[in-house]
Amino acid sequence: MTAAQFEILEVAEAEELLRARFESLTWHGCPPGNALVIASRLEIELLDAISLMQRGCPPHLVIPILD
């Protein structure tokens with residue numbers, strides 16, 4: 001999702017999207033602090049981030065790799 005697409009969402013939709021991304025990341029073992037940062041980077045594909053972590057990538061390196 002692009003920033004422009006995110007900006008046109010209703011507040012409740014934006015909150016739900018960020019919450020779902022955060023919960024998915026934490027469910028897959030990402031520490032909450034890292035999950036919050038990754039979840040807020042909407043240009044990062046969630047499945048790509050999770051895939052990297054499942055293959056052993058430290059969460060703090062997900063954004064530099066996928067950015």
# chains A, B, ... in the order shown; residues from 1 in each chain; ligands from 1
>>> residues_around(residues="Leu46 in chain A", least_positions_apart="4", cutoff="8 Å", atoms="only C-alpha atoms", output="list of chain:residue names")
A:Arg21, A:Leu25, A:Ala39, A:Ile50
>>> residues_around(residues="Val37 in chain A", least_positions_apart="3", cutoff="10 Å", atoms="only C-alpha atoms", output="list of chain:residue names")
A:Phe22, A:Pro32, A:Gly33, A:Asn34, A:Ser40, A:Arg41, A:Leu42, A:Pro59, A:His60, A:Ile63
>>> atom_distance(atom1="CA of Ala49 in chain A", atom2="CA of Gln5 in chain A")
20.1 Å
>>> residues_around(residues="Gly56 in chain A", least_positions_apart="5", cutoff="12 Å", atoms="only C-alpha atoms", output="ChimeraX atom specification")
/A:28-30,49-51,61-62
>>> write_last_selection(atoms="all heavy atoms", output="tab-separated table (two decimals), in the first residue's frame")
chain	number	residue	atom	x	y	z
A	28	HIS	N	3.87	-13.88	14.72
A	28	HIS	CA	4.96	-14.61	14.08
A	28	HIS	C	6.29	-14.43	14.83
A	28	HIS	O	7.34	-14.78	14.31
A	28	HIS	CB	5.11	-14.18	12.62
A	28	HIS	CG	4.08	-14.80	11.74
A	28	HIS	ND1	2.87	-14.18	11.47
A	28	HIS	CD2	4.05	-15.98	11.09
A	28	HIS	CE1	2.16	-14.95	10.68
A	28	HIS	NE2	2.84	-16.06	10.44
A	29	GLY	N	6.24	-13.87	16.02
A	29	GLY	CA	7.42	-13.81	16.87
A	29	GLY	C	8.22	-12.53	16.84
A	29	GLY	O	9.28	-12.45	17.46
A	30	CYS	N	7.74	-11.54	16.16
A	30	CYS	CA	8.45	-10.26	16.11
A	30	CYS	C	8.22	-9.52	17.43
A	30	CYS	O	7.09	-9.41	17.89
A	30	CYS	CB	7.92	-9.44	14.94
A	30	CYS	SG	8.84	-7.93	14.61
A	49	ALA	N	8.08	-9.50	4.95
A	49	ALA	CA	8.71	-9.29	6.26
A	49	ALA	C	8.64	-10.56	7.10
A	49	ALA	O	9.63	-10.99	7.70
A	49	ALA	CB	8.04	-8.13	6.99
A	50	ILE	N	7.48	-11.18	7.12
A	50	ILE	CA	7.30	-12.41	7.90
A	50	ILE	C	8.18	-13.52	7.35
A	50	ILE	O	8.82	-14.26	8.10
A	50	ILE	CB	5.81	-12.81	7.93
A	50	ILE	CG1	5.03	-11.80	8.78
A	50	ILE	CG2	5.63	-14.23	8.46
A	50	ILE	CD1	3.53	-11.92	8.66
A	51	SER	N	8.24	-13.63	6.04
A	51	SER	CA	9.06	-14.65	5.41
A	51	SER	C	10.53	-14.48	5.79
A	51	SER	O	11.21	-15.47	6.10
A	51	SER	CB	8.90	-14.58	3.89
A	51	SER	OG	9.74	-15.50	3.25
A	61	LEU	N	16.49	-5.93	10.99
A	61	LEU	CA	17.08	-5.84	9.65
A	61	LEU	C	16.03	-5.95	8.54
A	61	LEU	O	16.36	-5.78	7.37
A	61	LEU	CB	18.14	-6.93	9.46
A	61	LEU	CG	19.38	-6.80	10.31
A	61	LEU	CD1	20.33	-7.95	10.04
A	61	LEU	CD2	20.07	-5.48	10.07
A	62	VAL	N	14.79	-6.22	8.90
A	62	VAL	CA	13.74	-6.40	7.89
A	62	VAL	C	13.55	-5.13	7.06
A	62	VAL	O	13.53	-5.19	5.83
A	62	VAL	CB	12.42	-6.82	8.56
A	62	VAL	CG1	11.26	-6.73	7.58
A	62	VAL	CG2	12.53	-8.25	9.10
>>> atom_distance(atom1="CA of Phe6 in chain A", atom2="CA of Trp27 in chain A")
23.3 Å
